[in-house]
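Student: Pasting a structure here, questions to come.
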Amino acid sequence: MSKLKVIDSIEEMQEISANWSEEVGFVPTMGYLHEGHLSLVKAAKENCKIVVVSIYVNPSQFAPNEDLDTYPRDFDRDKKLLEELEVDYLFFPKDSDMYPQNYKTWVNVNDLTKGLCGKSRPTHFQGVTTVVSKLINIVNPNKMFMGEKDFQQITVLKRMVEDLNFRVKIIGCDIVREKDGLAMSSRNKNLKSEDREKALSLSRSIKLAKNLFRDGEIESRIIKEKIWELINSSGAKVDYVEIVDPVTLEDVEKVDEKSRVILAAYVGSVRLIDNGNLE
């Protein structure tokens with residue numbers, strides 16, 4: 001019988017977390033778990049004695065015209081997957097507890113949130129940093145495991161954790177991909193069958209950038225132009241393509257092996273992201 005304990009009360013989770021005596025690993029998610037999420041859980045189990053996973057579709061990181069209502073959810077399926085991995089606690093808070101009436105407090109990280117996804121989603125990272133800071137305070141973990149698919153997000157959160165003196169250490173884990181190369185995402189479920197091939201243009205763009213760099217191309221502008229052509233010719237629609245310094249997220253003109261290609265595109269109505277370095 002699984003030892004998983006489901007907790008939907010902030011007060012109960014805080015009561016438990018106030019008395020941790022062993023190292024705690026935390027995996028924050030929005031649910032509809034896939035192999036990418038489960039790889040984070042496995043990493044947490046390998047490194048920590050106690051593992052907590054949260055499932056919370058955070059409304060404050062969605063703009064009014066985004067996909068909050070259609071974001072995939074399947075709590076029973078998620079719970080079963082976490083039971084099979086012998087997770088200790090599943091924290092499943094309610095909106096009314098996370099954002100009660102007259103809620104007024106927000107966490108902002110400047111500069112790192114302005115570009116990339118921040119351009120087209122100007123309120124997104126305020127929602128992310130606020131909810132993750134709340135979750136850290138509630139769960140009180142030693143280590144937090146996050147996937148590098150959301151590279152800007154993990155960079156922003158590392159900055160937040162350092163600046164606000166949280167004791168938690170963020171562990172970045174490699175992107176997990178489908179067999180065809182598509183980065184795993186809960187949103188992949190919303191892709192229409194005819195759009196699957198278009199979606200592969202994102203991972204192919206990362207490979208294209210690597211190949212161009214290996215062949216001697218160091219002009220960021222030229223690599224980005226080639227990626228735009230690849231994605232748009234596939235039938236997807238580019239949101240942005242940037243090549244940035246992996247720490248500052250600032251654009252680079254001349255690339256090197258550490259430069260990070262970060263991109264987002266709409267495939268039908270589904271917005272997907274991907275990234276990779278040029279090594």
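Going by the structure tokens order, chains are called A, B, ..., each with residues numbered from 1, while ligands are numbered from 1 in the order shown.
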When DSSP works through the backbone of this structure, what residues of stretch 124-246 of chain A end up as alpha helix (DSSP H), shown as a PyMOL selection string?
Tutor: chain A and resi 124-139+151-163+196-214+220-234
Student: Distance table requested - stretch 55-163 of chain A against stretch 235-252 of chain A, cut-off 10 Å, only C-alpha atoms: one row per qualifying residue with the closest atom pair and its distance in Å to one decimal, ordered by chain and rising residue number, as a Markdown table.
Tutor:
```
| residue | atom | partner | partner_atom | distance |
| --- | --- | --- | --- | --- |
| A:Asp111 | CA | A:Thr248 | CA | 8.8 |
| A:Leu112 | CA | A:Leu249 | CA | 6.5 |
| A:Thr113 | CA | A:Leu249 | CA | 9.1 |
| A:Lys114 | CA | A:Leu249 | CA | 9.7 |
| A:Gly115 | CA | A:Leu249 | CA | 8.0 |
| A:Leu116 | CA | A:Tyr240 | CA | 6.8 |
| A:Cys117 | CA | A:Tyr240 | CA | 8.0 |
| A:Lys119 | CA | A:Tyr240 | CA | 9.0 |
| A:Ser120 | CA | A:Asp239 | CA | 7.9 |
| A:Phe151 | CA | A:Pro246 | CA | 8.7 |
| A:Gln152 | CA | A:Leu249 | CA | 7.6 |
| A:Thr155 | CA | A:Val247 | CA | 7.1 |
| A:Val156 | CA | A:Leu249 | CA | 9.6 |
| A:Arg159 | CA | A:Val247 | CA | 9.6 |
```
Student: Just checking: using only C-alpha atoms, which residue out of A:Asn19, A:Ser234, A:Ser193, A:Asn47 ends up closest to A:Ile171?
Tutor: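 Nearest to A:Ile171: A:Asn47.
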Student: Choose the residue, out of A:Asp256, A:Met146, A:Arg187, A:Val109, that has the smallest atom-to-atom separation from A:Asp163; count only C-alpha atoms.
Tutor: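 Comparing A:Asp256, A:Met146, A:Arg187, A:Val109 against A:Asp163, the winner is A:Val109.
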Student: Calculated over only C-alpha atoms, which of the candidates A:Glu83, A:Glu194, A:Glu148, A:Asp88 has the smallest distance to A:Lys45?
Tutor: A:Asp88
Student: With only C-alpha atoms as the counted atoms, please give the residues lying no more than 12 Å from A:Cys173, apart from itself and same-chain residues fewer than 6 positions off, as a ChimeraX atom specification.
Tutor: /A:27,36-44,144-151,154
Student: So that I have them on file, write out the residues from the current selection with N, CA and C atoms, as a PDB file, in the first residue's frame.
Tutor:
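To be explicit, this is the file written out as part_37.pdb:
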```pdb
ATOM      1  N   VAL A  27       9.135  19.006  -5.709  1.00  0.00           N
ATOM      2  CA  VAL A  27       8.893  19.147  -7.142  1.00  0.00           C
ATOM      3  C   VAL A  27       7.568  19.883  -7.335  1.00  0.00           C
ATOM      4  N   GLY A  36       8.668  13.842 -18.056  1.00  0.00           N
ATOM      5  CA  GLY A  36       9.540  14.919 -17.617  1.00  0.00           C
ATOM      6  C   GLY A  36       9.362  15.194 -16.135  1.00  0.00           C
ATOM      7  N   HIS A  37       8.107  15.331 -15.698  1.00  0.00           N
ATOM      8  CA  HIS A  37       7.829  15.523 -14.269  1.00  0.00           C
ATOM      9  C   HIS A  37       8.357  14.348 -13.449  1.00  0.00           C
ATOM     10  N   LEU A  38       8.091  13.148 -13.945  1.00  0.00           N
ATOM     11  CA  LEU A  38       8.456  11.956 -13.178  1.00  0.00           C
ATOM     12  C   LEU A  38       9.974  11.826 -13.057  1.00  0.00           C
ATOM     13  N   SER A  39      10.715  12.315 -14.061  1.00  0.00           N
ATOM     14  CA  SER A  39      12.175  12.300 -13.956  1.00  0.00           C
ATOM     15  C   SER A  39      12.640  13.218 -12.823  1.00  0.00           C
ATOM     16  N   LEU A  40      11.923  14.316 -12.604  1.00  0.00           N
ATOM     17  CA  LEU A  40      12.256  15.220 -11.499  1.00  0.00           C
ATOM     18  C   LEU A  40      11.974  14.545 -10.163  1.00  0.00           C
ATOM     19  N   VAL A  41      10.852  13.827 -10.091  1.00  0.00           N
ATOM     20  CA  VAL A  41      10.504  13.101  -8.865  1.00  0.00           C
ATOM     21  C   VAL A  41      11.570  12.053  -8.562  1.00  0.00           C
ATOM     22  N   LYS A  42      12.006  11.340  -9.584  1.00  0.00           N
ATOM     23  CA  LYS A  42      13.032  10.311  -9.389  1.00  0.00           C
ATOM     24  C   LYS A  42      14.340  10.939  -8.912  1.00  0.00           C
ATOM     25  N   ALA A  43      14.693  12.091  -9.480  1.00  0.00           N
ATOM     26  CA  ALA A  43      15.905  12.787  -9.039  1.00  0.00           C
ATOM     27  C   ALA A  43      15.780  13.208  -7.580  1.00  0.00           C
ATOM     28  N   ALA A  44      14.596  13.678  -7.197  1.00  0.00           N
ATOM     29  CA  ALA A  44      14.365  14.071  -5.803  1.00  0.00           C
ATOM     30  C   ALA A  44      14.504  12.871  -4.874  1.00  0.00           C
ATOM     31  N   MET A 144      14.858  21.919  -4.473  1.00  0.00           N
ATOM     32  CA  MET A 144      13.701  21.971  -5.362  1.00  0.00           C
ATOM     33  C   MET A 144      14.180  21.566  -6.753  1.00  0.00           C
ATOM     34  N   PHE A 145      13.506  20.587  -7.354  1.00  0.00           N
ATOM     35  CA  PHE A 145      13.922  20.016  -8.624  1.00  0.00           C
ATOM     36  C   PHE A 145      13.025  20.545  -9.738  1.00  0.00           C
ATOM     37  N   MET A 146      13.651  21.148 -10.757  1.00  0.00           N
ATOM     38  CA  MET A 146      12.900  21.781 -11.839  1.00  0.00           C
ATOM     39  C   MET A 146      13.537  21.450 -13.182  1.00  0.00           C
ATOM     40  N   GLY A 147      12.712  21.308 -14.206  1.00  0.00           N
ATOM     41  CA  GLY A 147      13.204  20.988 -15.533  1.00  0.00           C
ATOM     42  C   GLY A 147      13.716  22.209 -16.265  1.00  0.00           C
ATOM     43  N   GLU A 148      14.747  22.013 -17.091  1.00  0.00           N
ATOM     44  CA  GLU A 148      15.339  23.127 -17.828  1.00  0.00           C
ATOM     45  C   GLU A 148      14.578  23.471 -19.109  1.00  0.00           C
ATOM     46  N   LYS A 149      13.468  22.782 -19.378  1.00  0.00           N
ATOM     47  CA  LYS A 149      12.657  23.179 -20.533  1.00  0.00           C
ATOM     48  C   LYS A 149      12.188  24.632 -20.372  1.00  0.00           C
ATOM     49  N   ASP A 150      11.795  24.990 -19.154  1.00  0.00           N
ATOM     50  CA  ASP A 150      11.421  26.372 -18.847  1.00  0.00           C
ATOM     51  C   ASP A 150      12.679  27.102 -18.382  1.00  0.00           C
ATOM     52  N   PHE A 151      13.613  27.347 -19.311  1.00  0.00           N
ATOM     53  CA  PHE A 151      14.929  27.845 -18.926  1.00  0.00           C
ATOM     54  C   PHE A 151      14.858  29.241 -18.316  1.00  0.00           C
ATOM     55  N   ILE A 154      13.501  28.887 -14.683  1.00  0.00           N
ATOM     56  CA  ILE A 154      14.438  28.379 -13.684  1.00  0.00           C
ATOM     57  C   ILE A 154      15.521  29.410 -13.379  1.00  0.00           C
TER      58      ILE A 154
END
```
Student: Would you write out, as a tab-separated table, a table of all residues in stretch 160-228 of chain A that have an atom no more than 9 Å from an atom of stretch 61-82 of chain A, listing for each the closest atom pair and the distance in Å to one decimal, considering only C-alpha atoms and ordering rows by chain and rising residue number?
Tutor:
```
residue	atom	partner	partner_atom	distance
A:Ser186	CA	A:Pro72	CA	6.8
A:Arg187	CA	A:Tyr71	CA	7.1
A:Lys189	CA	A:Pro72	CA	7.5
A:Asn190	CA	A:Pro72	CA	7.9
```
Student: Under the rule of at most 10 Å, produce a per-residue listing of stretch 126-239 of chain A near stretch 9-12 of chain A: chain, number, name, the closest pair of atoms, and the distance in Å, as CSV, using only C-alpha atoms.
Tutor:
```
residue,atom,partner,partner_atom,distance
A:Leu135,CA,A:Ile10,CA,9.3
A:Ile138,CA,A:Ile10,CA,6.8
A:Val139,CA,A:Ile10,CA,8.9
```
Student: When you draw a straight line from atom CA of A:Lys169 to atom CA of A:Val51, how long is it in Å?
Tutor: 14.3 Å
Student: For A:Asp8, which residue out of A:Lys94, A:Lys258, A:Lys224, A:Arg214 is the nearest one, using only C-alpha atoms?
Tutor: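 Checking each candidate against A:Asp8, we get A:Lys94 as the closest.
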Student: Find the residues around A:Ile273 up to 8 Å (only C-alpha atoms counted), leave out those fewer than 5 positions away in its own chain, and share them as a VMD selection string.
Tutor: chain A and resid 149 to 150 202 262 to 265
Student: Give me a file of those residues, with N, CA and C atoms, as a tab-separated table (two decimals), in the first residue's frame.
Tutor:
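As a result, selection33.tsv now contains:
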```tsv
chain	number	residue	atom	x	y	z
A	149	LYS	N	13.47	22.78	-19.38
A	149	LYS	CA	12.66	23.18	-20.53
A	149	LYS	C	12.19	24.63	-20.37
A	150	ASP	N	11.80	24.99	-19.15
A	150	ASP	CA	11.42	26.37	-18.85
A	150	ASP	C	12.68	27.10	-18.38
A	202	LEU	N	10.37	22.87	-33.49
A	202	LEU	CA	11.07	23.51	-32.37
A	202	LEU	C	12.35	22.75	-32.03
A	262	ILE	N	16.81	29.97	-27.13
A	262	ILE	CA	15.52	29.87	-26.46
A	262	ILE	C	14.45	30.33	-27.43
A	263	LEU	N	13.40	29.54	-27.57
A	263	LEU	CA	12.37	29.90	-28.55
A	263	LEU	C	10.98	29.48	-28.09
A	264	ALA	N	10.01	30.13	-28.66
A	264	ALA	CA	8.60	29.81	-28.42
A	264	ALA	C	7.86	29.95	-29.73
A	265	ALA	N	6.86	29.10	-29.92
A	265	ALA	CA	6.08	29.15	-31.16
A	265	ALA	C	4.67	28.65	-30.90
```
Student: I'd like the contact shell of A:Gly216 - 12 Å cut-off, only C-alpha atoms, skipping same-chain residues fewer than 5 positions apart - returned as a PyMOL selection string.
Tutor: chain A and resi 209-211+222-223+254-257+278
Student: Grab the atom CA of A:Glu279 to atom CA of A:Phe213 distance for me, in Å with one decimal place.
Tutor: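 Result for atom CA of A:Glu279 versus atom CA of A:Phe213: 8.6 Å, one decimal.
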Student: Separation of atom CA of A:Ile55 and atom CA of A:Val131, in Å?
Tutor: 11.7 Å
Student: Pick out the closest residue to A:Ile206 from this set: A:Phe125, A:Tyr103, A:Phe91, A:Trp228. Count only C-alpha atoms.
Tutor: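 Under the stated criterion, the closest residue is A:Trp228.
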Student: Skip A:Thr129 itself and residues of its chain fewer than 3 positions away, then list as a PyMOL selection string all residues within 10 Å of it, counting only C-alpha atoms.
Tutor: chain A and resi 61+106-109+124-126+132-135+153+156-157+160-161
Student: Convert the current residue selection to file output with C-alpha atoms, as a CSV table (one decimal), in the first residue's frame.
Tutor:
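Okay, part-v4.csv is ready:
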```csv
chain,number,residue,atom,x,y,z
A,61,GLN,CA,0.5,33.1,-14.2
A,106,TRP,CA,3.4,39.9,-5.3
A,107,VAL,CA,7.0,38.9,-5.9
A,108,ASN,CA,8.8,40.4,-8.9
A,109,VAL,CA,12.3,39.7,-10.3
A,124,HIS,CA,3.4,35.6,-16.3
A,125,PHE,CA,6.6,35.7,-14.2
A,126,GLN,CA,5.0,37.7,-11.4
A,132,VAL,CA,6.8,29.5,-6.0
A,133,SER,CA,7.8,31.7,-3.1
A,134,LYS,CA,4.6,30.8,-1.4
A,135,LEU,CA,5.1,27.1,-2.0
A,153,GLN,CA,11.7,30.3,-15.4
A,156,VAL,CA,14.4,33.7,-12.7
A,157,LEU,CA,13.7,31.5,-9.7
A,160,MET,CA,14.7,35.0,-6.6
A,161,VAL,CA,15.9,32.3,-4.2
```
Student: Near A:Lys192, within 10 Å and counting only C-alpha atoms, which residues show up once chain neighbours fewer than 2 positions away are dropped, as a ChimeraX atom specification?
Tutor: /A:188-190,194-197,267-270
